[in-house]
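Structure data follow from start.cif (mmCIF, C-alpha atoms):
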data_input
loop_
_atom_site.label_atom_id
_atom_site.label_comp_id
_atom_site.auth_asym_id
_atom_site.auth_seq_id
_atom_site.Cartn_x
_atom_site.Cartn_y
_atom_site.Cartn_z
CA MET A 36 8.76 25.05 0.04
CA ARG A 37 9.12 23.03 -3.14
CA VAL A 38 9.32 19.24 -2.91
CA LEU A 39 9.95 16.60 -5.58
CA PHE A 40 7.92 13.39 -5.18
CA VAL A 41 9.53 10.26 -6.61
CA ASN A 42 7.87 6.84 -6.79
CA ARG A 43 8.15 3.69 -8.94
CA ALA A 44 7.96 4.18 -12.70
CA THR A 45 4.49 2.63 -12.95
CA ALA A 46 2.89 4.49 -10.03
CA HIS A 47 0.65 6.53 -12.34
CA THR A 48 -0.33 3.62 -14.60
CA VAL A 49 -0.50 0.59 -12.28
CA PHE A 50 -2.35 1.98 -9.28
CA GLY A 51 -1.58 0.67 -5.81
CA GLY A 52 -1.74 1.80 -2.22
CA ASP A 53 1.52 3.70 -2.71
CA THR A 54 -0.14 5.69 -5.51
CA VAL A 55 -3.04 6.62 -3.24
CA GLN A 56 -0.63 7.58 -0.45
CA MET A 57 1.48 9.70 -2.78
CA MET A 58 -1.47 11.50 -4.38
CA GLY A 59 -3.31 12.05 -1.09
CA THR A 60 -0.16 13.41 0.55
CA ALA A 61 0.55 15.73 -2.38
CA ALA A 62 -2.96 17.19 -2.44
CA ALA A 63 -2.94 17.89 1.29
CA LEU A 64 0.54 19.46 1.23
CA ARG A 65 -0.55 21.71 -1.63
CA ARG A 66 -3.44 22.89 0.52
CA LEU A 67 -0.79 23.95 3.05
CA GLY A 68 0.91 26.06 0.39
CA LEU A 69 3.75 23.74 -0.67
CA THR A 70 4.66 23.19 -4.30
CA ILE A 71 4.73 19.47 -5.08
CA ASP A 72 6.05 18.14 -8.37
CA PHE A 73 5.98 14.50 -9.47
CA TYR A 74 9.09 13.11 -11.09
CA GLN A 75 8.45 12.46 -14.76
CA GLN A 76 10.22 9.25 -15.77
CA ASP A 77 13.17 9.67 -18.16
CA GLN A 78 12.97 13.47 -17.98
CA PRO A 79 15.92 15.54 -16.70
CA VAL A 80 15.48 17.13 -13.27
CA ASP A 81 16.71 20.55 -12.25
CA TYR A 82 17.38 19.69 -8.62
CA THR A 83 18.24 23.32 -7.84
CA CYS A 84 14.49 24.06 -8.04
CA TYR A 85 13.73 21.93 -4.98
CA ASP A 86 14.29 22.09 -1.24
CA LEU A 87 13.82 18.39 -0.62
CA ILE A 88 13.06 15.02 -2.26
CA HIS A 89 10.33 12.78 -0.88
CA PHE A 90 10.72 9.18 -2.07
CA PHE A 91 8.06 6.48 -1.88
CA ASN A 92 8.68 2.73 -1.81
CA LEU A 93 11.84 1.38 -0.23
CA SER A 94 11.16 -1.80 -2.20
CA ARG A 95 12.23 0.09 -5.35
CA PRO A 96 15.75 1.15 -4.27
CA ASP A 97 17.05 1.51 -7.82
CA THR A 98 14.84 4.56 -8.39
CA ILE A 99 15.90 6.12 -5.09
CA LEU A 100 19.61 5.46 -5.56
CA TYR A 101 19.54 6.95 -9.05
CA HIS A 102 18.44 10.33 -7.70
CA LEU A 103 20.70 10.19 -4.64
CA GLU A 104 23.60 9.69 -7.06
CA GLN A 105 22.62 12.88 -8.93
CA THR A 106 22.14 15.31 -6.05
CA ASP A 107 22.89 16.00 -2.41
CA LEU A 108 19.44 17.44 -1.72
CA PRO A 109 18.02 16.38 1.66
CA ALA A 110 15.78 13.36 1.22
CA VAL A 111 13.10 11.45 3.12
CA VAL A 112 11.58 8.06 2.29
CA ALA A 113 8.04 6.84 2.87
CA THR A 114 9.31 3.31 3.29
CA ILE A 115 6.14 1.21 2.68
CA TYR A 116 8.39 -1.75 3.51
CA MET A 117 6.70 -5.10 2.87
CA ASP A 118 7.56 -8.61 3.99
CA TYR A 119 7.37 -10.74 0.84
CA SER A 120 7.86 -14.09 2.56
CA TYR A 121 4.24 -14.84 1.63
CA TYR A 122 5.59 -15.96 -1.77
CA ARG A 123 6.14 -19.44 -0.38
CA PHE A 124 2.40 -19.77 0.33
CA ALA A 125 0.95 -17.87 -2.60
CA GLU A 126 -0.56 -19.08 -5.87
CA VAL A 127 2.59 -18.31 -7.86
CA ARG A 128 4.83 -20.33 -10.15
CA PRO A 129 6.81 -23.10 -8.39
CA VAL A 130 10.13 -21.51 -9.36
CA VAL A 131 9.14 -18.36 -7.45
CA LYS A 132 8.30 -20.41 -4.36
CA TRP A 133 11.63 -22.26 -4.43
CA VAL A 134 13.76 -19.19 -5.06
CA SER A 135 11.95 -17.50 -2.17
CA ILE A 136 12.64 -20.47 0.11
CA LEU A 137 16.25 -21.07 -0.97
CA LEU A 138 17.52 -17.54 -1.66
CA GLY A 139 15.07 -15.26 0.14
CA THR A 140 12.57 -12.69 -1.02
CA HIS A 141 15.18 -10.03 -1.82
CA ALA A 142 16.46 -12.34 -4.55
CA ILE A 143 12.92 -12.55 -5.95
CA GLU A 144 12.60 -8.77 -6.05
CA TYR A 145 16.01 -8.41 -7.69
CA GLY A 146 15.10 -11.03 -10.28
CA LYS A 147 11.81 -9.26 -11.02
CA ALA A 148 13.63 -5.96 -11.46
CA LEU A 149 16.17 -7.52 -13.85
CA TYR A 150 13.39 -9.21 -15.83
CA LYS A 151 11.51 -5.91 -16.26
CA HIS A 152 14.76 -4.16 -17.20
CA PHE A 153 15.70 -6.59 -19.97
CA LYS A 154 12.08 -6.81 -21.14
CA GLY A 155 12.14 -3.03 -21.44
CA SER A 156 9.13 -2.28 -19.23
CA GLU A 157 11.05 -0.65 -16.34
CA LYS A 158 14.65 0.32 -16.99
CA LEU A 159 17.14 0.15 -14.12
CA LYS A 160 19.24 3.31 -13.75
CA SER A 161 21.49 2.79 -10.74
CA LYS A 162 24.80 0.99 -11.33
CA TYR A 163 24.99 0.29 -7.62
CA TYR A 164 21.69 -1.59 -7.77
CA LEU A 165 22.77 -3.62 -10.78
CA LEU A 166 26.03 -4.63 -9.10
CA HIS A 167 24.85 -5.15 -5.53
CA GLY A 168 21.23 -6.30 -5.75
CA GLN A 169 18.10 -5.61 -3.73
CA ARG A 170 19.10 -6.10 -0.10
CA ARG A 171 22.36 -4.13 -0.20
CA SER A 172 20.69 -1.37 -2.17
CA ILE A 173 17.92 -1.02 0.42
CA ALA A 174 20.57 -0.92 3.14
CA LYS A 175 22.40 1.86 1.28
CA VAL A 176 19.19 3.89 0.94
CA LEU A 177 18.52 3.52 4.66
CA ARG A 178 21.97 4.95 5.41
CA SER A 179 21.85 7.72 2.79
CA VAL A 180 18.66 9.67 3.51
CA GLN A 181 17.92 12.05 6.37
CA LEU A 182 14.61 10.61 7.59
CA LEU A 183 12.53 7.45 7.20
CA LEU A 184 8.75 7.68 7.24
CA PRO A 185 7.19 4.28 8.00
CA ASN A 186 3.40 4.04 8.13
CA SER A 187 3.30 2.38 11.56
CA ASP A 188 5.43 1.54 14.57
CA SER A 189 5.20 -2.09 13.50
CA GLU A 190 6.85 -1.22 10.19
CA THR A 191 9.66 0.56 12.05
CA GLN A 192 10.28 -2.59 14.10
CA ARG A 193 10.38 -4.69 10.91
CA LEU A 194 12.95 -2.35 9.33
CA HIS A 195 15.21 -2.59 12.37
CA ALA A 196 14.78 -6.37 12.48
CA HIS A 197 15.88 -6.71 8.84
CA PHE A 198 18.57 -4.00 8.56
CA ASP A 199 21.21 -2.25 10.64
CA PHE A 200 20.91 1.54 10.31
CA ALA A 201 20.97 4.69 12.45
CA THR A 202 18.78 7.00 10.34
CA PRO A 203 15.87 8.31 12.43
CA CYS A 204 12.33 7.05 11.81
CA GLN A 205 9.13 9.03 12.26
CA THR A 206 5.84 7.19 12.01
CA ILE A 207 3.43 8.93 9.63
CA PHE A 208 0.15 7.05 9.46
CA ASN A 209 -1.79 6.69 6.25
CA GLY A 210 -5.13 8.33 5.78
CA VAL A 211 -8.37 8.97 3.98
CA ASP A 212 -9.39 11.89 1.78
CA LEU A 213 -12.28 13.20 3.87
CA GLN A 214 -13.15 15.77 1.20
CA MET A 215 -13.82 12.99 -1.28
CA PHE A 216 -16.56 11.64 0.99
CA ALA A 217 -17.94 15.02 2.08
CA GLY A 218 -21.67 15.18 1.59
CA ALA A 219 -22.00 11.46 0.86
CA THR A 220 -25.32 10.20 2.12
CA GLN A 221 -25.84 6.89 3.86
CA ALA A 222 -27.66 4.35 1.69
CA ASP A 223 -29.60 1.25 2.64
CA ARG A 224 -27.10 -1.56 3.07
CA ASP A 225 -27.38 -5.08 1.80
CA GLU A 226 -26.48 -7.23 4.80
CA LYS A 227 -25.25 -10.01 2.49
CA MET A 228 -23.06 -7.75 0.37
CA VAL A 229 -19.29 -8.11 0.93
CA PHE A 230 -16.92 -5.76 -0.89
CA CYS A 231 -13.19 -6.00 -1.57
CA ALA A 232 -11.34 -3.09 -3.20
CA ALA A 233 -7.80 -4.07 -4.16
CA ARG A 234 -5.63 -4.80 -7.16
CA ILE A 235 -6.06 -8.50 -7.97
CA GLU A 236 -2.81 -10.28 -7.11
CA PRO A 237 -1.55 -13.02 -4.76
CA MET A 238 -0.62 -10.57 -2.02
CA LYS A 239 -4.19 -9.24 -1.78
CA ASN A 240 -5.37 -12.86 -1.64
CA GLN A 241 -8.65 -12.68 -3.51
CA TYR A 242 -8.33 -16.39 -4.40
CA LYS A 243 -8.68 -17.47 -0.76
CA ALA A 244 -11.52 -14.97 -0.25
CA ILE A 245 -13.35 -16.57 -3.16
CA VAL A 246 -12.77 -20.05 -1.74
CA ALA A 247 -14.12 -18.85 1.61
CA LEU A 248 -17.29 -17.21 0.28
CA ASN A 249 -18.01 -19.35 -2.79
CA ASN A 250 -21.62 -20.54 -2.93
CA THR A 251 -22.49 -19.04 0.45
CA GLY A 252 -25.34 -16.65 1.16
CA TYR A 253 -22.99 -13.69 0.65
CA GLN A 254 -22.48 -11.75 -2.58
CA LEU A 255 -18.77 -10.94 -2.93
CA TYR A 256 -17.88 -7.97 -5.16
CA LEU A 257 -14.22 -7.68 -6.16
CA ALA A 258 -13.16 -4.23 -7.38
CA GLY A 259 -9.74 -3.89 -8.94
CA ALA A 260 -7.81 -4.59 -12.10
CA PRO A 261 -5.49 -7.58 -12.21
CA ALA A 262 -1.84 -6.73 -11.64
CA PRO A 263 -0.01 -6.89 -15.01
CA ASN A 264 2.37 -9.61 -13.79
CA HIS A 265 -0.41 -11.72 -12.28
CA LEU A 266 -2.86 -12.28 -15.10
CA GLN A 267 -2.70 -16.05 -14.55
CA TYR A 268 -3.70 -15.50 -10.93
CA TYR A 269 -6.67 -13.45 -12.10
CA GLU A 270 -7.74 -16.23 -14.45
CA ARG A 271 -7.48 -18.77 -11.63
CA CYS A 272 -9.68 -16.59 -9.47
CA LYS A 273 -12.31 -16.35 -12.20
CA ALA A 274 -12.12 -20.09 -12.91
CA ILE A 275 -13.14 -21.10 -9.37
CA ALA A 276 -15.66 -18.30 -8.76
CA GLY A 277 -19.25 -19.33 -8.15
CA PRO A 278 -22.32 -17.34 -9.22
CA ASN A 279 -22.17 -15.21 -6.05
CA ILE A 280 -18.71 -13.81 -6.92
CA HIS A 281 -18.63 -10.64 -9.04
CA PHE A 282 -15.58 -9.09 -10.76
CA LEU A 283 -16.02 -5.34 -11.22
CA GLY A 284 -12.64 -4.33 -12.67
CA HIS A 285 -11.06 -0.98 -11.86
CA LEU A 286 -13.61 1.46 -10.45
CA SER A 287 -13.67 5.24 -10.34
CA GLN A 288 -13.86 6.93 -6.95
CA GLU A 289 -17.56 7.62 -7.54
CA ALA A 290 -18.23 3.95 -8.23
CA LEU A 291 -16.19 2.92 -5.19
CA LEU A 292 -18.29 5.26 -3.10
CA HIS A 293 -21.46 3.46 -4.23
CA TYR A 294 -20.14 0.08 -3.10
CA TYR A 295 -18.82 1.49 0.18
CA GLN A 296 -22.30 2.84 0.86
CA ARG A 297 -24.16 -0.35 -0.04
CA SER A 298 -21.91 -3.06 1.42
CA ALA A 299 -22.28 -4.41 4.91
CA VAL A 300 -18.71 -5.69 5.14
CA HIS A 301 -15.44 -4.74 3.50
CA ILE A 302 -12.83 -7.49 3.43
CA LEU A 303 -9.12 -7.25 2.73
CA PRO A 304 -7.57 -10.65 3.61
CA SER A 305 -4.08 -9.71 2.39
CA ARG A 306 -1.12 -11.95 2.93
CA PHE A 307 0.66 -8.80 4.07
CA GLU A 308 -0.67 -5.29 4.54
CA THR A 309 1.07 -2.14 5.76
CA THR A 310 -2.21 -0.26 6.10
CA GLY A 311 -5.10 -1.26 3.92
CA LEU A 312 -6.19 2.15 2.64
CA ALA A 313 -9.38 0.72 1.15
CA SER A 314 -10.27 -0.64 4.60
CA LEU A 315 -9.92 2.85 6.08
CA GLU A 316 -12.10 4.34 3.34
CA ALA A 317 -14.73 1.63 3.72
CA ALA A 318 -14.76 2.02 7.51
CA TYR A 319 -15.23 5.76 7.20
CA MET A 320 -18.19 5.15 4.89
CA GLY A 321 -19.90 2.81 7.34
CA CYS A 322 -18.71 -0.68 6.41
CA LYS A 323 -17.78 -3.24 9.01
CA ILE A 324 -14.21 -4.33 8.48
CA VAL A 325 -12.41 -7.66 8.05
CA VAL A 326 -8.63 -7.43 7.73
CA SER A 327 -5.65 -9.75 7.68
CA ASP A 328 -3.73 -10.49 10.85
CA LYS A 329 -0.48 -10.30 8.84
CA GLY A 330 1.45 -7.06 8.66
CA ASP A 331 0.71 -3.75 10.36
CA THR A 332 -3.10 -3.69 10.36
CA SER A 333 -3.37 -4.02 14.14
CA ASP A 334 -1.61 -0.64 14.54
CA TYR A 335 -4.51 0.97 12.68
CA PHE A 336 -7.58 -1.07 13.54
CA LYS A 337 -6.78 -2.48 16.99
CA ASP A 338 -10.12 -3.81 18.31
CA HIS A 339 -12.21 -1.93 15.71
CA ALA A 340 -12.06 -4.69 13.06
CA VAL A 341 -12.34 -8.46 12.78
CA PHE A 342 -9.03 -10.14 11.96
CA CYS A 343 -8.57 -13.28 9.86
CA ASP A 344 -5.82 -15.71 8.95
CA PRO A 345 -5.36 -15.06 5.20
CA GLU A 346 -4.18 -18.60 4.50
CA CYS A 347 -7.29 -20.20 6.02
CA PRO A 348 -10.59 -19.89 4.10
CA GLN A 349 -12.51 -21.03 7.16
CA SER A 350 -10.98 -18.19 9.19
CA ILE A 351 -11.94 -15.72 6.46
CA LEU A 352 -15.54 -16.97 6.39
CA GLU A 353 -15.82 -16.89 10.19
CA ALA A 354 -14.45 -13.34 10.23
CA VAL A 355 -17.05 -12.23 7.67
CA ASN A 356 -19.80 -13.93 9.68
CA ASN A 357 -18.65 -12.20 12.86
CA ALA A 358 -18.35 -8.81 11.20
CA ALA A 359 -21.76 -9.10 9.57
CA ALA A 360 -23.37 -9.92 12.92
CA MET A 361 -21.87 -7.01 14.89
CA PRO A 362 -22.92 -3.34 14.91
CA TYR A 363 -20.93 -0.72 13.04
CA ASP A 364 -18.07 0.73 15.12
CA HIS A 365 -18.52 4.51 15.17
CA GLN A 366 -15.33 4.94 17.23
CA LEU A 367 -13.27 3.91 14.22
CA ARG A 368 -14.90 6.60 12.09
CA LEU A 369 -14.04 9.19 14.76
CA LYS A 370 -10.45 7.93 14.85
CA ILE A 371 -10.19 8.32 11.08
CA GLU A 372 -11.61 11.84 11.24
CA ALA A 373 -9.10 12.82 13.92
CA ASP A 374 -5.90 11.03 12.89
CA TYR A 375 -6.15 9.00 9.69
CA ASN A 376 -6.78 11.78 7.19
CA TRP A 377 -4.46 13.46 4.73
CA ASP A 378 -4.72 16.97 6.19
CA ALA A 379 -3.61 15.81 9.64
CA ILE A 380 -0.87 13.76 8.03
CA ALA A 381 0.31 16.67 5.85
CA ALA A 382 0.70 18.87 8.93
CA GLN A 383 2.98 16.25 10.47
CA LEU A 384 4.94 15.91 7.25
CA LEU A 385 5.48 19.65 6.95
CA GLU A 386 7.04 19.72 10.42
CA ALA A 387 9.19 16.72 9.49
CA TYR A 388 10.38 18.50 6.34
CA LYS A 389 11.27 21.62 8.32
CA ASN A 390 13.26 19.58 10.84
CA VAL A 391 15.15 17.79 8.07
CA LEU A 392 16.03 21.08 6.37
CA LYS A 393 17.08 22.61 9.69
CA SER A 394 19.36 19.66 10.53
CA LYS A 395 20.83 19.64 7.02
CA ARG A 396 21.80 23.31 7.35
CA ALA A 397 23.28 22.82 10.84
#

Represent the structure of the file as structure tokens.
Amino acid sequence: MRVLFVNRATAHTVFGGDTVQMMGTAAALRRLGLTIDFYQQDQPVDYTCYDLIHFFNLSRPDTILYHLEQTDLPAVVATIYMDYSYYRFAEVRPVVKWVSILLGTHAIEYGKALYKHFKGSEKLKSKYYLLHGQRRSIAKVLRSVQLLLPNSDSETQRLHAHFDFATPCQTIFNGVDLQMFAGATQADRDEKMVFCAARIEPMKNQYKAIVALNNTGYQLYLAGAPAPNHLQYYERCKAIAGPNIHFLGHLSQEALLHYYQRSAVHILPSRFETTGLASLEAAYMGCKIVVSDKGDTSDYFKDHAVFCDPECPQSILEAVNNAAAMPYDHQLRLKIEADYNWDAIAAQLLEAYKNVLKSKRA
């Protein structure tokens, strides 16, 4: 089976959780014998070479609609559908807050797409998207593909709450590359070391984490490059950071492994999170976990993590204190080994692909 993977134009240059999901999925499917090609932006596609298209990111409907307009190949979408209502609370420009409040978050996403298009950084290709905007384009994608692949049951519920569609959903959880951590030895942990691996942007909420842990007994290490559109946010984070806050920039997997091994707690106080792949990796490597109570994290971590209110620095600090004081939860590591790993996920995806192809032929 040969499958074309299609994601946002910047997926290979501006790394995010969707990049990790796409790459981890592709590697595991290749181990099962499938041929996986990544769509090369602005290059012609011979769709006759493929059995199926696997899209990533429902929040980028222009990219999806462009390909659906070119071919009738069966298609599935890893939805990764976020709720961007956090804009009204985030450290963003006032105009963004007010547009979010008055017109809704779909208007924000449409405006961002138009801005990137006319700036020349990400060209829009679908006429439907240009004429109808973000919300209607997402609704059209939901009606036009054969299967939706949310990362949790909670995400499925959010999709149905926001849109009316009949396309079937199959929950495919996210995972960890167990091979990447194979043979990693356990190191002595620094009980005051708190690690956060995430792109620096308002959604990931490093600013509030810094406020919470500033000038405490903890050493907070922030790994991740600033998002290109949020350089001012990055500067604000650095401006308030005390001497116990450390900015590491983008780290290689080997460097990440070092911090996973040494840190007592991994924190991801996102304003919204579909999974928190870094939290899964950190948990597998022995960190105690603090995650946001916003989004779909409870579907993954249940009672195996400490939850915090991302808008409340006191809640974040209390969650770190509680996590630091408790023993490591080995049951979560076992759960990751059994269910939250790319090989298990690829096996489920292969069956989903086969069912889509079978129903398309019927």

Practice task
Would you mind listing what lies within 7 Å of Ile115 of chain A as a list in words, with all atoms listed in the file counted and same-chain residues fewer than 2 positions away left out?
Solution key: Asn92, Leu93, Ala113, Met117, Pro185, Asn186 and Thr309 of chain A

Handout entry: 10 Å contact set for segment 83-88 of chain A, all atoms listed in the file, chain neighbours under 2 positions out, as a PyMOL selection string
Key = chain A and resi 36-41+70-72+74+80-81+90-91+99+102-103+106-112+180+388-389+391-392

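Distances here use only C-alpha atoms; by that measure, the residue among A:Leu367, A:Lys393, A:Leu248, A:Ser314 closest to Val355 of chain A is A:Leu248.
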
Problem - Exercise: Gln349 of chain A partners within 10 Å, all atoms listed in the file, chain neighbours under 4 positions left out, as an NGL selection string - result: :A and (243-244 or 246-248 or 343-345 or 353-355)

Problem - Which residue of A:Lys273, A:Arg170, A:Lys160, A:Arg306 approaches Ser94 of chain A most closely, using all atoms listed in the file - result: A:Arg170

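Put simply, the PyMOL selection byres ((chain A and resi 288) around 12) on this file hits A:Val55, A:Asp212, A:Met215, A:Phe216, A:Ala232, A:Ala258, A:Gly259, A:His285, A:Leu286, A:Ser287, A:Glu289, A:Ala290, A:Leu291, A:Leu292, A:His293, A:Tyr294, A:Tyr295, A:Ala313, A:Glu316, A:Ala317.
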
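Taking atom CA of His197 of chain A as the reference point, atom CA of Glu144 of chain A is found at 15.4 Å.
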
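In this model, the gap between atom CA of Met228 of chain A and atom CA of Gln254 of chain A comes to 5.0 Å.
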
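With all atoms listed in the file as the basis for measurement, A:Gly321 is the residue among A:Gly321, A:Gly168, A:Pro304, A:Pro79 that approaches Arg224 of chain A most closely.
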